[in-house]
$ cat start31.tsv   # TSV, C-alpha atoms (C1' of nucleotides)
chain	number	residue	atom	x	y	z
U	1105	MET	CA	0.00	0.00	0.00
U	1106	PRO	CA	2.64	2.61	0.92
U	1107	GLU	CA	4.59	4.11	-1.92
U	1108	GLU	CA	7.94	3.14	-0.46
U	1109	THR	CA	6.94	-0.52	-0.45
U	1110	LEU	CA	6.01	-0.34	-4.11
U	1111	ASP	CA	9.43	1.17	-4.79
U	1112	LEU	CA	11.16	-1.81	-3.22
U	1113	THR	CA	8.85	-4.35	-4.80
U	1114	PHE	CA	9.10	-3.05	-8.34
U	1115	ALA	CA	12.85	-2.57	-7.99
U	1116	ALA	CA	13.18	-6.15	-6.79
U	1117	LEU	CA	11.16	-7.41	-9.74
U	1118	ALA	CA	13.27	-5.47	-12.22
U	1119	ASP	CA	16.06	-8.04	-12.12
U	1120	PRO	CA	15.79	-11.22	-14.22
U	1121	THR	CA	17.76	-13.27	-11.71
U	1122	ARG	CA	15.34	-12.32	-8.95
U	1123	ARG	CA	12.32	-13.07	-11.12
U	1124	ALA	CA	13.83	-16.46	-11.91
U	1125	ILE	CA	14.27	-17.07	-8.19
U	1126	LEU	CA	10.62	-16.22	-7.64
U	1127	ALA	CA	9.64	-18.55	-10.46
U	1128	ARG	CA	11.59	-21.31	-8.76
U	1129	LEU	CA	10.04	-20.55	-5.38
U	1130	SER	CA	6.56	-20.55	-6.85
U	1131	ARG	CA	7.06	-24.32	-7.22
U	1132	GLY	CA	8.00	-24.74	-3.57
U	1133	GLU	CA	10.51	-23.83	-0.90
U	1134	ALA	CA	14.21	-23.97	-1.64
U	1135	THR	CA	17.49	-23.36	0.15
U	1136	VAL	CA	20.05	-20.77	-0.85
U	1137	THR	CA	22.40	-23.22	-2.53
U	1138	GLU	CA	19.50	-24.82	-4.37
U	1139	LEU	CA	18.49	-21.41	-5.62
U	1140	ALA	CA	22.05	-20.52	-6.57
U	1141	GLU	CA	22.70	-23.70	-8.50
U	1142	PRO	CA	21.13	-22.73	-11.86
U	1143	PHE	CA	22.98	-19.43	-12.09
U	1144	ALA	CA	26.48	-18.66	-13.31
U	1145	MET	CA	26.97	-16.49	-10.30
U	1146	SER	CA	28.61	-16.68	-6.90
U	1147	GLN	CA	26.67	-17.63	-3.79
U	1148	PRO	CA	27.08	-14.21	-2.14
U	1149	ALA	CA	25.50	-12.65	-5.22
U	1150	ILE	CA	22.46	-14.86	-4.70
U	1151	SER	CA	22.40	-13.99	-1.01
U	1152	LYS	CA	22.27	-10.33	-2.00
U	1153	HIS	CA	19.41	-10.97	-4.36
U	1154	LEU	CA	17.56	-12.83	-1.63
U	1155	LYS	CA	18.08	-9.93	0.72
U	1156	VAL	CA	16.56	-7.59	-1.84
U	1157	LEU	CA	13.59	-9.91	-2.29
U	1158	GLU	CA	13.18	-10.21	1.46
U	1159	ARG	CA	13.30	-6.45	2.03
U	1160	ALA	CA	10.64	-6.11	-0.66
U	1161	GLY	CA	8.49	-8.62	1.21
U	1162	LEU	CA	8.50	-10.97	-1.76
U	1163	ILE	CA	10.06	-13.85	0.15
U	1164	SER	CA	10.58	-14.94	3.74
U	1165	ARG	CA	13.20	-17.21	5.22
U	1166	GLY	CA	12.81	-20.01	7.72
U	1167	ARG	CA	15.40	-22.14	9.41
U	1168	ASP	CA	16.28	-25.80	9.01
U	1169	ALA	CA	19.60	-26.49	10.75
U	1170	GLN	CA	22.21	-24.72	8.59
U	1171	ARG	CA	19.75	-24.38	5.75
U	1172	ARG	CA	17.80	-21.19	5.33
U	1173	PRO	CA	14.79	-22.27	3.26
U	1174	CYS	CA	13.13	-19.50	1.27
U	1175	ARG	CA	9.43	-19.21	0.66
U	1176	ILE	CA	7.58	-16.89	-1.71
U	1177	GLU	CA	5.23	-14.38	-0.10
U	1178	GLY	CA	1.91	-13.48	-1.66
U	1179	PRO	CA	1.01	-10.10	-0.18
U	1180	ALA	CA	3.78	-8.18	-1.94
U	1181	LEU	CA	2.61	-9.59	-5.26
U	1182	ALA	CA	-0.94	-8.76	-4.29
U	1183	ALA	CA	0.18	-5.16	-3.73
U	1184	VAL	CA	1.54	-5.05	-7.26
U	1185	ASN	CA	-1.77	-6.35	-8.51
U	1186	GLY	CA	-3.55	-3.72	-6.48
U	1187	TRP	CA	-1.50	-0.98	-8.03
U	1188	LEU	CA	-2.09	-2.42	-11.48
U	1189	GLU	CA	-5.82	-2.62	-10.92
U	1190	THR	CA	-6.11	1.17	-10.90
U	1191	TYR	CA	-4.93	1.08	-14.53
U	1192	ARG	CA	-7.09	-1.78	-15.61
U	1193	ASP	CA	-9.24	0.36	-17.88
U	1194	ILE	CA	-6.09	1.36	-19.71
U	1195	TRP	CA	-4.38	-1.95	-20.33
U	1196	ASP	CA	-7.34	-4.29	-20.48
U	1197	GLN	CA	-8.91	-4.04	-23.90
U	1198	ASN	CA	-11.55	-6.60	-22.99
U	1199	TYR	CA	-12.59	-4.36	-20.17
U	1200	ARG	CA	-13.18	-1.50	-22.59
U	1201	ARG	CA	-15.07	-3.76	-24.95
U	1202	LEU	CA	-17.22	-5.00	-22.10
U	1203	ASP	CA	-17.80	-1.39	-21.16
U	1204	ALA	CA	-18.96	-0.67	-24.68
U	1205	VAL	CA	-21.22	-3.70	-24.66
U	1206	LEU	CA	-22.76	-2.63	-21.39
U	1207	ALA	CA	-23.27	0.85	-22.75
U	1208	ASP	CA	-25.03	-0.61	-25.77
U	1209	MET	CA	-27.23	-2.81	-23.62
U	1210	GLN	CA	-28.22	0.13	-21.50
U	1211	ALA	CA	-28.81	2.27	-24.56
U	1212	ASP	CA	-31.56	0.20	-26.18
U	1213	GLY	CA	-32.11	-2.79	-23.94
U	1214	LYS	CA	-31.24	-5.26	-26.65
U	1215	ASP	CA	-29.06	-8.29	-26.08
U	1216	THR	CA	-25.93	-7.49	-28.03
U	1217	THR	CA	-23.97	-10.30	-26.43
U	1218	GLY	CA	-25.93	-13.19	-27.81
U	1219	GLY	CA	-25.48	-12.85	-31.52
U	1220	HIS	CA	-21.77	-13.29	-32.09
O	831	MET	CA	6.77	-10.93	-23.23
O	832	PRO	CA	10.60	-10.85	-23.49
O	833	GLU	CA	12.52	-10.76	-20.25
O	834	GLU	CA	14.43	-7.64	-21.19
O	835	THR	CA	11.21	-5.71	-21.63
O	836	LEU	CA	10.05	-6.72	-18.16
O	837	ASP	CA	13.37	-5.48	-16.80
O	838	LEU	CA	12.80	-2.05	-18.27
O	839	THR	CA	9.15	-1.93	-17.29
O	840	PHE	CA	9.61	-2.95	-13.66
O	841	ALA	CA	12.62	-0.66	-13.31
O	842	ALA	CA	10.57	2.21	-14.71
O	843	LEU	CA	7.78	1.51	-12.24
O	844	ALA	CA	10.18	1.38	-9.30
O	845	ASP	CA	10.37	5.17	-9.10
O	846	PRO	CA	7.61	7.13	-7.31
O	847	THR	CA	8.02	10.15	-9.59
O	848	ARG	CA	7.46	7.99	-12.64
O	849	ARG	CA	4.44	6.27	-11.09
O	850	ALA	CA	3.01	9.71	-10.30
O	851	ILE	CA	3.56	10.71	-13.91
O	852	LEU	CA	1.68	7.62	-15.04
O	853	ALA	CA	-1.12	8.43	-12.61
O	854	ARG	CA	-1.34	11.88	-14.13
O	855	LEU	CA	-1.32	10.50	-17.67
O	856	SER	CA	-4.01	8.00	-16.84
O	857	ARG	CA	-6.33	11.00	-16.66
O	858	GLY	CA	-5.33	12.21	-20.12
O	859	GLU	CA	-2.47	13.49	-22.22
O	860	ALA	CA	-0.09	16.09	-20.85
O	861	THR	CA	2.95	18.05	-21.99
O	862	VAL	CA	6.37	17.89	-20.37
O	863	THR	CA	6.02	21.16	-18.48
O	864	GLU	CA	2.57	20.18	-17.31
O	865	LEU	CA	4.00	16.94	-16.01
O	866	ALA	CA	6.94	18.69	-14.39
O	867	GLU	CA	4.84	21.28	-12.61
O	868	PRO	CA	3.83	19.25	-9.50
O	869	PHE	CA	7.37	18.15	-8.73
O	870	ALA	CA	10.14	19.91	-6.85
O	871	MET	CA	12.49	18.92	-9.57
O	872	SER	CA	14.09	20.44	-12.66
O	873	GLN	CA	12.60	19.97	-16.10
O	874	PRO	CA	15.57	17.95	-17.40
O	875	ALA	CA	15.01	15.50	-14.57
O	876	ILE	CA	11.45	15.02	-15.77
O	877	SER	CA	12.67	14.61	-19.33
O	878	LYS	CA	14.93	11.83	-18.11
O	879	HIS	CA	12.05	10.13	-16.35
O	880	LEU	CA	9.96	10.39	-19.49
O	881	LYS	CA	12.76	8.84	-21.50
O	882	VAL	CA	12.85	5.93	-19.08
O	883	LEU	CA	9.08	5.51	-19.32
O	884	GLU	CA	9.24	5.69	-23.10
O	885	ARG	CA	12.02	3.12	-23.37
O	886	ALA	CA	9.92	0.86	-21.17
O	887	GLY	CA	7.01	1.30	-23.56
O	888	LEU	CA	4.85	2.79	-20.82
O	889	ILE	CA	4.31	6.07	-22.62
O	890	SER	CA	4.54	7.48	-26.13
O	891	ARG	CA	5.07	11.03	-27.29
O	892	GLY	CA	3.29	12.96	-29.99
O	893	ARG	CA	3.91	16.41	-31.39
O	894	ASP	CA	1.96	19.62	-31.06
O	895	ALA	CA	4.15	22.50	-32.23
O	896	GLN	CA	6.80	22.92	-29.50
O	897	ARG	CA	4.82	20.73	-27.12
O	898	ARG	CA	5.60	17.06	-26.88
O	899	PRO	CA	2.37	15.62	-25.47
O	900	CYS	CA	2.76	12.34	-23.58
O	901	ARG	CA	0.26	9.53	-23.62
O	902	ILE	CA	0.14	6.42	-21.46
O	903	GLU	CA	0.51	3.09	-23.26
O	904	GLY	CA	-1.50	0.06	-22.24
O	905	PRO	CA	0.49	-2.90	-23.64
O	906	ALA	CA	3.44	-2.49	-21.27
O	907	LEU	CA	1.08	-2.51	-18.30
O	908	ALA	CA	-0.68	-5.50	-19.80
O	909	ALA	CA	2.68	-7.27	-19.91
O	910	VAL	CA	3.11	-6.65	-16.20
O	911	ASN	CA	-0.32	-8.09	-15.61
O	912	GLY	CA	0.58	-11.08	-17.75
O	913	TRP	CA	3.65	-11.74	-15.66
O	914	LEU	CA	1.64	-11.33	-12.48
O	915	GLU	CA	-1.02	-13.73	-13.70
O	916	THR	CA	1.39	-16.64	-13.50
O	917	TYR	CA	1.55	-16.04	-9.75
O	918	ARG	CA	-2.14	-15.47	-9.24
O	919	ASP	CA	-2.63	-18.70	-7.31
O	920	ILE	CA	0.03	-17.52	-4.88
O	921	TRP	CA	-1.09	-14.00	-4.09
O	922	ASP	CA	-4.76	-14.65	-4.56
O	923	GLN	CA	-4.72	-17.44	-2.00
O	924	ASN	CA	-2.94	-15.32	0.58
O	925	TYR	CA	-5.36	-12.55	-0.13
O	926	ARG	CA	-8.25	-14.84	0.67
O	927	ARG	CA	-6.58	-16.12	3.82
O	928	LEU	CA	-5.95	-12.58	5.01
O	929	ASP	CA	-9.52	-11.81	4.12
O	930	ALA	CA	-10.68	-14.72	6.25
O	931	VAL	CA	-8.55	-13.61	9.18
O	932	LEU	CA	-9.92	-10.10	9.00
O	933	ALA	CA	-13.43	-11.47	8.76
O	934	ASP	CA	-12.84	-13.53	11.86
O	935	MET	CA	-11.48	-10.59	13.77
O	936	GLN	CA	-14.40	-8.44	12.76
O	937	ALA	CA	-16.97	-11.14	13.37
O	938	ASP	CA	-16.88	-11.33	17.15
O	939	GLY	CA	-13.35	-10.90	18.37
O	940	LYS	CA	-13.29	-14.55	19.38
O	941	ASP	CA	-10.60	-16.98	18.39
O	942	THR	CA	-12.31	-19.00	15.69
O	943	THR	CA	-9.09	-20.40	14.30
O	944	GLY	CA	-8.98	-23.13	16.91
O	945	GLY	CA	-5.54	-22.14	18.03
O	946	HIS	CA	-4.03	-20.77	21.26
L	786	DA	C1'	14.02	39.77	-37.04
L	787	DG	C1'	14.09	39.16	-32.25
L	788	DG	C1'	12.40	37.34	-28.04
L	789	DT	C1'	9.92	33.79	-25.54
L	790	DT	C1'	8.33	29.20	-24.71
L	791	DC	C1'	8.99	24.31	-24.65
L	792	DT	C1'	11.94	20.59	-24.68
L	793	DG	C1'	16.08	17.70	-25.34
L	794	DT	C1'	21.14	16.93	-24.64
L	795	DA	C1'	25.70	17.30	-22.49
L	796	DA	C1'	28.68	17.32	-18.64
L	797	DC	C1'	29.05	16.52	-14.09
L	798	DC	C1'	28.34	14.69	-9.23
L	799	DT	C1'	26.75	11.39	-5.72
L	800	DA	C1'	24.71	7.35	-4.35
L	801	DA	C1'	23.01	2.90	-5.21
L	802	DT	C1'	23.31	-1.58	-7.82
L	803	DG	C1'	25.25	-5.89	-9.11
L	804	DG	C1'	28.98	-8.36	-9.23
L	805	DT	C1'	33.52	-10.21	-7.29
L	806	DT	C1'	36.87	-12.52	-3.62
L	807	DA	C1'	37.92	-13.35	1.07
L	808	DT	C1'	36.48	-14.40	5.47
L	809	DG	C1'	33.82	-15.96	9.42
L	810	DG	C1'	30.35	-18.48	11.96
L	811	DA	C1'	26.81	-21.93	12.99
L	812	DA	C1'	25.31	-26.50	12.67
L	813	DA	C1'	25.93	-31.34	10.95
L	814	DG	C1'	29.10	-35.43	10.17
L	815	DC	C1'	32.85	-38.11	10.91
H	738	DG	C1'	37.76	-32.28	18.04
H	739	DC	C1'	38.20	-31.52	13.33
H	740	DT	C1'	36.22	-31.03	8.91
H	741	DT	C1'	32.63	-30.01	5.95
H	742	DT	C1'	28.43	-27.80	4.55
H	743	DC	C1'	25.59	-23.79	4.27
H	744	DC	C1'	25.14	-19.18	4.49
H	745	DA	C1'	26.05	-14.21	5.67
H	746	DT	C1'	29.06	-10.25	5.87
H	747	DA	C1'	32.86	-7.22	4.61
H	748	DA	C1'	35.62	-4.86	1.41
H	749	DC	C1'	36.16	-3.64	-3.01
H	750	DC	C1'	35.17	-2.41	-8.00
H	751	DA	C1'	32.62	-0.94	-12.31
H	752	DT	C1'	28.39	0.58	-13.95
H	753	DT	C1'	23.98	2.64	-13.68
H	754	DA	C1'	20.60	5.92	-11.79
H	755	DG	C1'	18.80	10.18	-10.37
H	756	DG	C1'	19.68	14.60	-9.73
H	757	DT	C1'	21.88	19.20	-10.95
H	758	DT	C1'	23.33	23.40	-14.15
H	759	DA	C1'	24.29	25.08	-18.64
H	760	DC	C1'	23.27	25.15	-23.24
H	761	DA	C1'	21.05	24.48	-27.85
H	762	DG	C1'	17.36	24.15	-30.99
H	763	DA	C1'	12.68	24.32	-32.80
H	764	DA	C1'	8.46	26.66	-33.11
H	765	DC	C1'	5.38	30.34	-31.77
H	766	DC	C1'	4.52	35.58	-30.99
H	767	DT	C1'	5.13	40.06	-31.77
$ encode --input "start31.tsv" --output "structure tokens"
Amino acid sequence: MPEETLDLTFAALADPTRRAILARLSRGEATVTELAEPFAMSQPAISKHLKVLERAGLISRGRDAQRRPCRIEGPALAAVNGWLETYRDIWDQNYRRLDAVLADMQADGKDTTGGH
Amino acid sequence: MPEETLDLTFAALADPTRRAILARLSRGEATVTELAEPFAMSQPAISKHLKVLERAGLISRGRDAQRRPCRIEGPALAAVNGWLETYRDIWDQNYRRLDAVLADMQADGKDTTGGH
DNA sequence: AGGTTCTGTAACCTAATGGTTATGGAAAGC
DNA sequence: GCTTTCCATAACCATTAGGTTACAGAACCT
């Protein structure tokens, strides 16, 4: 909701490595080394990325002995969706078309949706 | 659709000034000076922000004599929504759970979750 | 023609970003 | 107890980002 949170969230999502990490986490929890494995990048680099994602609220970290399993967090993504919703009439063409259809229906009471 | 485009789009959205510009443009076209007016910032700074937004495909610029009217572009925002859609089951679920929690709290203040 | 308005570009500065290597610490395994 | 595994932190480096001031150019207005 706050602007500053959106700053962090969008900034976190602006990196392809971090989006790939989220894609991986969307299929279940994973440890840092598991997350680092697919990338041609050092482990500290991944740790930094995870810190960015955590600060943005996009992931959280638990504890399993030495492991630090990461889990994706929904609310931050929901906030992005919330922001995007305010622009729905702009990007969603179907929404405009529906709007036009509803306007037609209200104009003359005829069913313009049935005769495709 | 391409990863690189998402990079530019998310990065563009990570700045509050640029999101404010988009909010302004969502209510109609505006020139550079019109867009710069609300901000405690120089005009070249706004021009830079507009360049970032344009490179991200979030706005386009027309021509009206010396004016360079800016218009918001839907497809880039639709791309963000498309990316977000692949995570809908994640943030939507949490949304509902939060919703349920809030409903419980508002219902009677009793602990209906069966816990502590 | 000359001045004003609107906008983009260049040069510059500071701070943040994204990567590295080196190191250290906690917990498991032998 | 010693080693190994997993991870974070520190120090450093190059690049990018966001801001500034100064300037230049195009189009309008006398």
$ atom_distance --input "start31.tsv" --atom1 "atom CA of Glu1141 of chain U" --atom2 "atom CA of Ala1182 of chain U"
28.3 Å
$ interface_residues --input "start31.tsv" --of "chain L" --to "chain O" --cutoff "8 Å" --atoms "all atoms listed in the file" --output "list in words"
DC791, DT792 and DG793 of chain L
$ atom_distance --input "start31.tsv" --atom1 "atom CA of Asn911 of chain O" --atom2 "atom CA of Ala841 of chain O"
15.1 Å
$ calpha_fit_rmsd --input "start31.tsv" --fixed "chain O" --moving "chain U"
6.4 Å
$ interface_residues --input "start31.tsv" --of "chain U" --to "chain O" --cutoff "10 Å" --atoms "all atoms listed in the file" --output "JSON, numbers by chain"
{"U": [1107, 1108, 1109, 1110, 1111, 1112, 1113, 1114, 1115, 1116, 1117, 1118, 1119, 1120, 1123, 1126, 1127, 1130, 1176, 1177, 1178, 1179, 1180, 1181, 1182, 1183, 1184, 1185, 1187, 1188, 1189, 1190, 1191, 1192, 1193, 1194, 1195, 1196, 1197]}
$ residues_around --input "start31.tsv" --residues "segment 747-762 of chain H" --least-positions-apart "3" --cutoff "10 Å" --atoms "only C-alpha atoms (C1' of nucleotides)" --output "PyMOL selection string"
(chain O and resi 845+871-872+874-875+878-879) or (chain L and resi 792-808)
$ decode --input "start31.tsv" --residues "segment 879-903 of chain O" --atoms "N, CA and C atoms" --output "CSV table (one decimal), in the first residue's frame"
chain,number,residue,atom,x,y,z
O,879,HIS,N,13.1,11.1,-16.8
O,879,HIS,CA,12.0,10.1,-16.4
O,879,HIS,C,11.2,9.7,-17.5
O,880,LEU,N,10.8,10.7,-18.3
O,880,LEU,CA,10.0,10.4,-19.5
O,880,LEU,C,10.7,9.5,-20.5
O,881,LYS,N,12.0,9.7,-20.6
O,881,LYS,CA,12.8,8.8,-21.5
O,881,LYS,C,12.8,7.4,-21.0
O,882,VAL,N,12.9,7.3,-19.7
O,882,VAL,CA,12.8,5.9,-19.1
O,882,VAL,C,11.5,5.3,-19.3
O,883,LEU,N,10.4,6.0,-19.1
O,883,LEU,CA,9.1,5.5,-19.3
O,883,LEU,C,8.9,5.1,-20.8
O,884,GLU,N,9.4,6.0,-21.7
O,884,GLU,CA,9.2,5.7,-23.1
O,884,GLU,C,10.0,4.4,-23.5
O,885,ARG,N,11.2,4.3,-23.1
O,885,ARG,CA,12.0,3.1,-23.4
O,885,ARG,C,11.4,1.9,-22.8
O,886,ALA,N,10.6,2.0,-21.7
O,886,ALA,CA,9.9,0.9,-21.2
O,886,ALA,C,8.6,0.6,-21.9
O,887,GLY,N,8.3,1.5,-22.8
O,887,GLY,CA,7.0,1.3,-23.6
O,887,GLY,C,5.8,1.7,-22.8
O,888,LEU,N,6.0,2.4,-21.7
O,888,LEU,CA,4.9,2.8,-20.8
O,888,LEU,C,4.2,4.1,-21.3
O,889,ILE,N,4.9,4.9,-22.0
O,889,ILE,CA,4.3,6.1,-22.6
O,889,ILE,C,4.8,6.2,-24.1
O,890,SER,N,4.1,7.1,-24.8
O,890,SER,CA,4.5,7.5,-26.1
O,890,SER,C,4.4,9.0,-26.2
O,891,ARG,N,5.1,9.6,-27.2
O,891,ARG,CA,5.1,11.0,-27.3
O,891,ARG,C,4.7,11.5,-28.7
O,892,GLY,N,3.7,12.4,-28.7
O,892,GLY,CA,3.3,13.0,-30.0
O,892,GLY,C,4.0,14.3,-30.3
O,893,ARG,N,3.3,15.1,-31.1
O,893,ARG,CA,3.9,16.4,-31.4
O,893,ARG,C,2.8,17.4,-31.6
O,894,ASP,N,2.9,18.5,-30.9
O,894,ASP,CA,2.0,19.6,-31.1
O,894,ASP,C,2.8,20.9,-31.0
O,895,ALA,N,3.3,21.3,-32.2
O,895,ALA,CA,4.2,22.5,-32.2
O,895,ALA,C,5.4,22.3,-31.4
O,896,GLN,N,5.6,23.2,-30.4
O,896,GLN,CA,6.8,22.9,-29.5
O,896,GLN,C,6.5,21.9,-28.5
O,897,ARG,N,5.2,21.7,-28.2
O,897,ARG,CA,4.8,20.7,-27.1
O,897,ARG,C,5.1,19.3,-27.6
O,898,ARG,N,5.4,18.5,-26.6
O,898,ARG,CA,5.6,17.1,-26.9
O,898,ARG,C,4.7,16.3,-26.0
O,899,PRO,N,3.4,16.2,-26.3
O,899,PRO,CA,2.4,15.6,-25.5
O,899,PRO,C,2.7,14.1,-25.2
O,900,CYS,N,2.5,13.7,-24.0
O,900,CYS,CA,2.8,12.3,-23.6
O,900,CYS,C,1.4,11.6,-23.4
O,901,ARG,N,1.4,10.4,-23.8
O,901,ARG,CA,0.3,9.5,-23.6
O,901,ARG,C,0.7,8.2,-23.0
O,902,ILE,N,-0.2,7.7,-22.1
O,902,ILE,CA,0.1,6.4,-21.5
O,902,ILE,C,-0.1,5.3,-22.4
O,903,GLU,N,0.7,4.2,-22.3
O,903,GLU,CA,0.5,3.1,-23.3
O,903,GLU,C,0.1,1.8,-22.5
